[in-house]
file model-v5.txt (compact mmCIF, C-alpha atoms)
# COMPACT_ATOMS: atom_id res chain seq x y z
CA MET A 1 -0.89 70.19 16.79
CA LEU A 2 -0.15 66.48 17.06
CA PRO A 3 3.10 65.17 15.60
CA PRO A 4 2.79 62.98 12.48
CA ALA A 5 3.46 59.78 14.40
CA ALA A 6 0.69 60.53 16.90
CA ARG A 7 -1.82 61.18 14.07
CA LEU A 8 -0.82 57.95 12.28
CA LEU A 9 -1.42 55.63 15.25
CA PRO A 10 -5.24 56.10 15.45
CA LEU A 11 -5.47 55.62 11.70
CA LEU A 12 -3.66 52.28 11.90
CA LEU A 13 -5.96 51.15 14.67
CA VAL A 14 -9.04 52.04 12.61
CA ILE A 15 -8.07 50.34 9.33
CA GLY A 16 -6.50 47.38 11.14
CA ILE A 17 -3.29 47.21 9.15
CA GLY A 18 -1.65 43.82 9.85
CA GLY A 19 -4.98 42.11 10.68
CA PRO A 20 -6.33 41.23 14.10
CA VAL A 21 -4.28 39.20 16.56
CA PRO A 22 -5.63 35.62 16.54
CA SER A 23 -7.32 34.48 19.71
CA PRO A 24 -7.59 30.89 21.00
CA ARG A 25 -10.61 29.02 19.62
CA ALA A 26 -13.35 28.94 22.18
CA PRO A 27 -14.41 25.43 23.32
CA PRO A 28 -17.86 24.16 22.29
CA GLN A 29 -20.81 24.96 24.51
CA GLY A 30 -20.79 22.76 27.57
CA CYS A 31 -17.00 22.21 27.43
CA TYR A 32 -14.34 23.88 29.51
CA VAL A 33 -10.65 23.72 30.30
CA ALA A 34 -9.53 23.07 33.87
CA GLU A 35 -6.44 22.26 35.89
CA GLU A 36 -6.89 19.04 37.87
CA ALA A 37 -4.04 17.88 40.06
CA GLY A 38 -1.73 20.12 38.08
CA GLU A 39 -2.67 18.57 34.73
CA ARG A 40 -4.49 20.28 31.89
CA THR A 41 -7.97 18.76 31.60
CA PHE A 42 -10.61 19.27 28.92
CA ARG A 43 -14.14 18.34 29.95
CA CYS A 44 -17.03 17.91 27.52
CA SER A 45 -19.33 15.69 29.56
CA GLN A 46 -23.02 15.75 28.63
CA ALA A 47 -22.43 18.39 25.96
CA GLY A 48 -24.65 16.80 23.29
CA LEU A 49 -21.68 16.11 21.00
CA SER A 50 -22.05 13.85 17.97
CA ALA A 51 -18.38 14.13 16.95
CA VAL A 52 -15.04 14.77 18.60
CA PRO A 53 -14.94 18.55 19.12
CA THR A 54 -12.36 20.89 17.68
CA GLY A 55 -10.45 23.38 19.75
CA ILE A 56 -9.08 20.91 22.29
CA PRO A 57 -5.76 22.36 23.54
CA ASN A 58 -2.84 20.26 22.37
CA ASP A 59 -1.36 20.25 25.87
CA THR A 60 -4.39 18.38 27.26
CA ARG A 61 -3.52 15.37 29.43
CA LYS A 62 -7.06 14.31 30.44
CA LEU A 63 -9.99 14.40 28.03
CA PHE A 64 -13.57 13.67 29.10
CA LEU A 65 -16.09 13.13 26.30
CA ASP A 66 -18.43 10.91 28.30
CA ALA A 67 -22.24 10.98 28.17
CA ASN A 68 -22.51 12.37 24.65
CA GLN A 69 -23.84 11.00 21.35
CA LEU A 70 -20.65 9.87 19.62
CA ALA A 71 -21.42 6.97 17.28
CA SER A 72 -18.01 6.38 15.70
CA LEU A 73 -14.36 7.35 15.95
CA PRO A 74 -12.51 8.09 12.70
CA ALA A 75 -8.83 7.46 12.07
CA GLY A 76 -6.55 9.90 13.86
CA ALA A 77 -9.34 11.38 15.96
CA PHE A 78 -6.87 12.34 18.73
CA GLN A 79 -3.52 12.49 16.95
CA HIS A 80 -3.29 16.27 17.60
CA LEU A 81 -3.04 15.57 21.36
CA PRO A 82 0.59 14.41 21.75
CA ILE A 83 0.62 14.17 25.55
CA LEU A 84 -2.86 12.77 26.20
CA GLU A 85 -2.80 10.27 29.08
CA GLU A 86 -6.45 9.66 29.96
CA LEU A 87 -9.47 9.44 27.64
CA ASP A 88 -13.06 8.90 28.79
CA LEU A 89 -15.52 7.91 26.04
CA SER A 90 -18.01 6.09 28.26
CA HIS A 91 -21.79 6.37 27.96
CA ASN A 92 -21.88 7.28 24.29
CA ALA A 93 -23.37 5.44 21.29
CA LEU A 94 -20.10 4.15 19.87
CA ALA A 95 -20.70 1.23 17.54
CA HIS A 96 -17.64 1.55 15.31
CA LEU A 97 -13.98 2.32 15.94
CA SER A 98 -11.49 2.83 13.16
CA GLY A 99 -8.43 0.62 13.40
CA ALA A 100 -6.43 3.87 13.58
CA ALA A 101 -8.74 5.75 15.97
CA PHE A 102 -6.00 6.07 18.61
CA GLN A 103 -3.17 6.71 16.18
CA GLY A 104 -0.47 8.93 17.66
CA LEU A 105 -1.23 7.99 21.28
CA ALA A 106 1.01 4.93 21.58
CA GLY A 107 3.61 6.61 23.76
CA THR A 108 1.32 8.52 26.10
CA LEU A 109 -2.20 7.09 26.56
CA ARG A 110 -2.53 5.09 29.77
CA HIS A 111 -6.25 4.97 30.61
CA LEU A 112 -9.15 4.46 28.20
CA ASP A 113 -12.82 4.13 29.15
CA LEU A 114 -15.11 2.64 26.47
CA SER A 115 -17.77 1.32 28.81
CA ALA A 116 -21.52 1.67 28.25
CA ASN A 117 -21.41 2.00 24.47
CA GLN A 118 -22.75 -0.13 21.58
CA LEU A 119 -19.54 -1.95 20.67
CA ALA A 120 -20.01 -5.51 19.41
CA SER A 121 -16.43 -5.76 18.15
CA VAL A 122 -13.25 -3.72 17.97
CA PRO A 123 -10.50 -3.99 15.33
CA VAL A 124 -7.51 -5.82 16.81
CA GLU A 125 -5.18 -3.18 15.36
CA ALA A 126 -6.98 -0.37 17.23
CA PHE A 127 -4.98 -1.12 20.40
CA ALA A 128 -1.73 -2.12 18.68
CA GLY A 129 1.24 -0.53 20.42
CA LEU A 130 -0.85 1.00 23.23
CA GLN A 131 0.13 0.31 26.82
CA ILE A 132 -3.27 1.04 28.29
CA GLN A 133 -5.64 0.05 31.02
CA VAL A 134 -9.10 -0.11 29.47
CA ASN A 135 -12.70 -0.47 30.59
CA LEU A 136 -14.76 -2.47 28.04
CA SER A 137 -17.75 -3.32 30.22
CA ALA A 138 -21.44 -2.78 29.39
CA ASN A 139 -21.16 -3.29 25.62
CA PRO A 140 -23.10 -5.86 23.52
CA TRP A 141 -20.01 -7.89 22.59
CA ARG A 142 -20.11 -10.55 19.87
CA CYS A 143 -17.85 -12.76 22.02
CA ASP A 144 -15.72 -14.26 19.27
CA CYS A 145 -12.09 -14.99 18.55
CA ALA A 146 -11.44 -11.33 17.64
CA LEU A 147 -12.46 -10.13 21.11
CA GLN A 148 -10.18 -12.69 22.68
CA GLU A 149 -7.29 -11.35 20.59
CA VAL A 150 -8.10 -7.78 21.70
CA LEU A 151 -8.05 -8.74 25.37
CA ARG A 152 -4.57 -10.18 24.95
CA GLN A 153 -3.27 -6.71 24.02
CA VAL A 154 -4.71 -4.67 26.88
CA ARG A 155 -5.06 -4.65 30.65
CA LEU A 156 -8.58 -4.40 32.02
CA VAL A 157 -9.47 -1.93 34.75
CA PRO A 158 -9.74 -4.04 37.93
CA GLY A 159 -13.29 -5.20 38.57
CA THR A 160 -14.58 -4.50 35.06
CA GLY A 161 -13.99 -7.94 33.54
CA THR A 162 -17.31 -9.26 34.82
CA GLY A 163 -19.06 -6.54 32.79
CA ILE A 164 -17.82 -7.92 29.45
CA VAL A 165 -20.98 -9.83 28.54
CA CYS A 166 -22.04 -11.44 25.26
CA GLY A 167 -24.71 -9.46 23.44
CA PRO A 168 -27.39 -10.34 20.87
CA GLY A 169 -24.81 -10.74 18.10
CA ALA A 170 -23.12 -13.66 19.84
CA ARG A 171 -24.02 -17.34 19.46
CA PRO A 172 -27.45 -17.96 21.00
CA ASP A 173 -26.00 -20.21 23.69
CA LEU A 174 -23.52 -17.49 24.75
CA VAL A 175 -25.86 -14.49 25.03
CA GLY A 176 -25.86 -13.01 28.53
CA GLN A 177 -22.78 -14.89 29.69
CA GLU A 178 -19.49 -13.40 30.91
CA PHE A 179 -16.89 -13.61 28.20
CA LEU A 180 -13.88 -14.12 30.47
CA LEU A 181 -15.48 -17.25 31.90
CA LEU A 182 -16.30 -18.57 28.43
CA ALA A 183 -12.83 -17.90 27.07
CA GLY A 184 -11.43 -20.67 29.26
CA GLU A 185 -14.15 -23.18 28.39
CA GLU A 186 -15.13 -22.56 24.76
CA GLU A 187 -13.02 -23.12 21.68
CA LEU A 188 -12.98 -19.53 20.40
CA CYS A 189 -9.42 -19.29 19.10
CA GLY A 190 -8.32 -22.90 19.48
CA THR A 191 -7.08 -22.19 23.01
CA GLY A 192 -8.35 -22.72 26.50
CA ARG A 193 -9.36 -25.95 28.18
CA GLY A 194 -12.12 -26.66 25.70
CA GLY A 195 -9.85 -26.06 22.74
CA ALA A 196 -7.05 -28.18 24.19
CA ARG A 197 -9.45 -31.03 24.90
CA ARG A 198 -10.80 -30.97 21.35
CA SER A 199 -7.26 -30.82 19.95
CA THR A 200 -6.34 -33.91 21.96
CA ASP A 201 -9.42 -35.75 20.71
CA VAL A 202 -8.57 -34.90 17.12
CA ALA A 203 -4.99 -36.11 17.56
CA LEU A 204 -6.26 -39.37 19.06
CA LEU A 205 -8.66 -39.92 16.17
CA VAL A 206 -5.89 -39.27 13.65
CA THR A 207 -3.62 -41.77 15.40
CA MET A 208 -6.34 -44.42 15.54
CA GLY A 209 -7.12 -43.82 11.88
CA GLY A 210 -3.48 -44.36 11.00
CA TRP A 211 -3.34 -47.68 12.84
CA LEU A 212 -6.59 -48.83 11.23
CA THR A 213 -5.20 -48.02 7.80
CA LEU A 214 -2.10 -50.12 8.50
CA VAL A 215 -4.21 -53.07 9.67
CA VAL A 216 -6.46 -52.93 6.60
CA ALA A 217 -3.43 -52.71 4.31
CA TYR A 218 -1.85 -55.75 5.98
CA LEU A 219 -5.06 -57.77 5.65
CA ILE A 220 -5.35 -56.92 1.96
CA HIS A 221 -1.75 -57.93 1.39
CA TYR A 222 -2.25 -61.19 3.29
CA VAL A 223 -5.37 -62.11 1.31
CA TRP A 224 -3.75 -61.42 -2.05
CA GLN A 225 -0.64 -63.37 -1.09
CA ASN A 226 -2.69 -66.47 -0.10
CA ARG A 227 -4.71 -66.14 -3.29
CA ASP A 228 -1.52 -66.34 -5.36
CA GLU A 229 -0.36 -69.35 -3.37
CA ASN A 230 -3.62 -71.22 -4.04
CA ARG A 231 -3.33 -70.61 -7.76
CA ARG A 232 0.09 -72.26 -8.05
CA PRO A 233 0.11 -75.98 -9.35
CA LEU A 234 0.97 -78.68 -6.83
CA LYS A 235 4.46 -80.14 -7.15
CA ARG A 236 4.53 -83.82 -8.13
CA VAL A 237 6.27 -86.08 -5.66
CA PRO A 238 9.21 -87.90 -7.32
CA VAL A 239 8.84 -91.69 -7.72
CA LEU A 240 11.80 -93.84 -6.75
CA GLN A 241 12.29 -97.40 -8.05
CA VAL A 242 14.18 -99.87 -5.86
CA ARG A 243 15.15 -103.46 -6.55
CA SER A 244 14.11 -106.07 -4.00
CA GLU A 245 16.90 -108.22 -2.70
CA ASP A 246 14.81 -111.42 -2.97
CA SER A 247 13.35 -110.85 -6.37
CA SER A 248 14.16 -109.19 -9.54
CA THR A 249 10.84 -107.32 -9.52
CA LEU A 250 11.04 -103.58 -9.32
CA SER A 251 9.12 -101.99 -6.43
CA THR A 252 7.82 -98.49 -6.55
CA VAL A 253 8.50 -96.40 -3.50
CA VAL A 254 6.76 -93.19 -3.01
call {"tool": "encode", "arguments": {"input": "model-v5.txt", "output": "structure tokens"}}
result
Amino acid sequence: MLPPAARLLPLLLVIGIGGPVPSPRAPPQGCYVAEEAGERTFRCSQAGLSAVPTGIPNDTRKLFLDANQLASLPAGAFQHLPILEELDLSHNALAHLSGAAFQGLAGTLRHLDLSANQLASVPVEAFAGLQIQVNLSANPWRCDCALQEVLRQVRLVPGTGTGIVCGPGARPDLVGQEFLLLAGEEELCGTGRGGARRSTDVALLVTMGGWLTLVVAYLIHYVWQNRDENRRPLKRVPVLQVRSEDSSTLSTVV
């Protein structure tokens, strides 16, 4: 006959007192965890994803979400990954990034790939505080002042600058041109050679306008002064009377 403790153990196993032990959430289909160069990597390339997947281990250092169908990134999309260093979002359909999409990654993220998406613009604050090297090539950029401000905050992956090309949303005369070349020639943010030249021209015009105003004011003053002088009555010349030595007749000397 089994002791009471031995009979109780099978019963506990059957009714599951205490609930089942939780198991790690399985990654989505097409995703897997790997160790690459000693770093935890989570790969979801070509997995048909339309949103950032759940179940990414929080000790992930490299995350590959390339070649999916992501159209936007919400605020805090990766804030649960405190040690993430590399993020690949290339070859998606990204057209919108929240200004807080990379919130929580300021101290860790080093490499970001946003190439081959549908980005026409990116909020300036999206990269605030990030010390990253980024690939922004192969997007239909609007090529405006906002993009120039974004590029001042990041470092481009070497060799990718030529791929930042103005798309259909840009000014018609800029479409198809490399933005980095235009930034030095066009007045996009009031800087660059074109902007400096226009600023100099404006300053010259303002100076010339000031001098012209002074000249006109002087001429008006001169005309009015002469007009007042012409209106004044002529002074009569005093008449002096002298007595001739040879006669007692008075002579008038003017």
call {"tool": "residues_around", "arguments": {"input": "model-v5.txt", "residues": "A:Val175", "least_positions_apart": "2", "cutoff": "12 Å", "atoms": "all atoms listed in the file", "output": "ChimeraX atom specification"}}
result
/A:140-144,164-173,177-179,182
call {"tool": "residues_around", "arguments": {"input": "model-v5.txt", "residues": "A:Arg155", "least_positions_apart": "6", "cutoff": "7 Å", "atoms": "all atoms listed in the file", "output": "ChimeraX atom specification"}}
result
/A:132-134
call {"tool": "residues_near_point", "arguments": {"input": "model-v5.txt", "point": "(-2.9, 19.8, 25.9)", "cutoff": "8 Å", "atoms": "only C-alpha atoms", "output": "list in words"}}
result
Arg40, Thr41, Ile56, Pro57, Asn58, Asp59, Thr60, Arg61, Leu81, Pro82, Ile83 and Leu84 of chain A
call {"tool": "closest_residue", "arguments": {"input": "model-v5.txt", "among": "A:Gln148, A:Asn135, A:Thr207, A:Thr162", "to": "A:Ala183", "atoms": "all atoms listed in the file"}}
result
A:Gln148
call {"tool": "atom_distance", "arguments": {"input": "model-v5.txt", "atom1": "atom CA of A:Gln46", "atom2": "atom CA of A:Leu94"}}
result
14.8 Å
call {"tool": "residues_around", "arguments": {"input": "model-v5.txt", "residues": "stretch 30-33 of chain A", "least_positions_apart": "6", "cutoff": "6 Å", "atoms": "all atoms listed in the file", "output": "ChimeraX atom specification"}}
result
/A:41-44,47
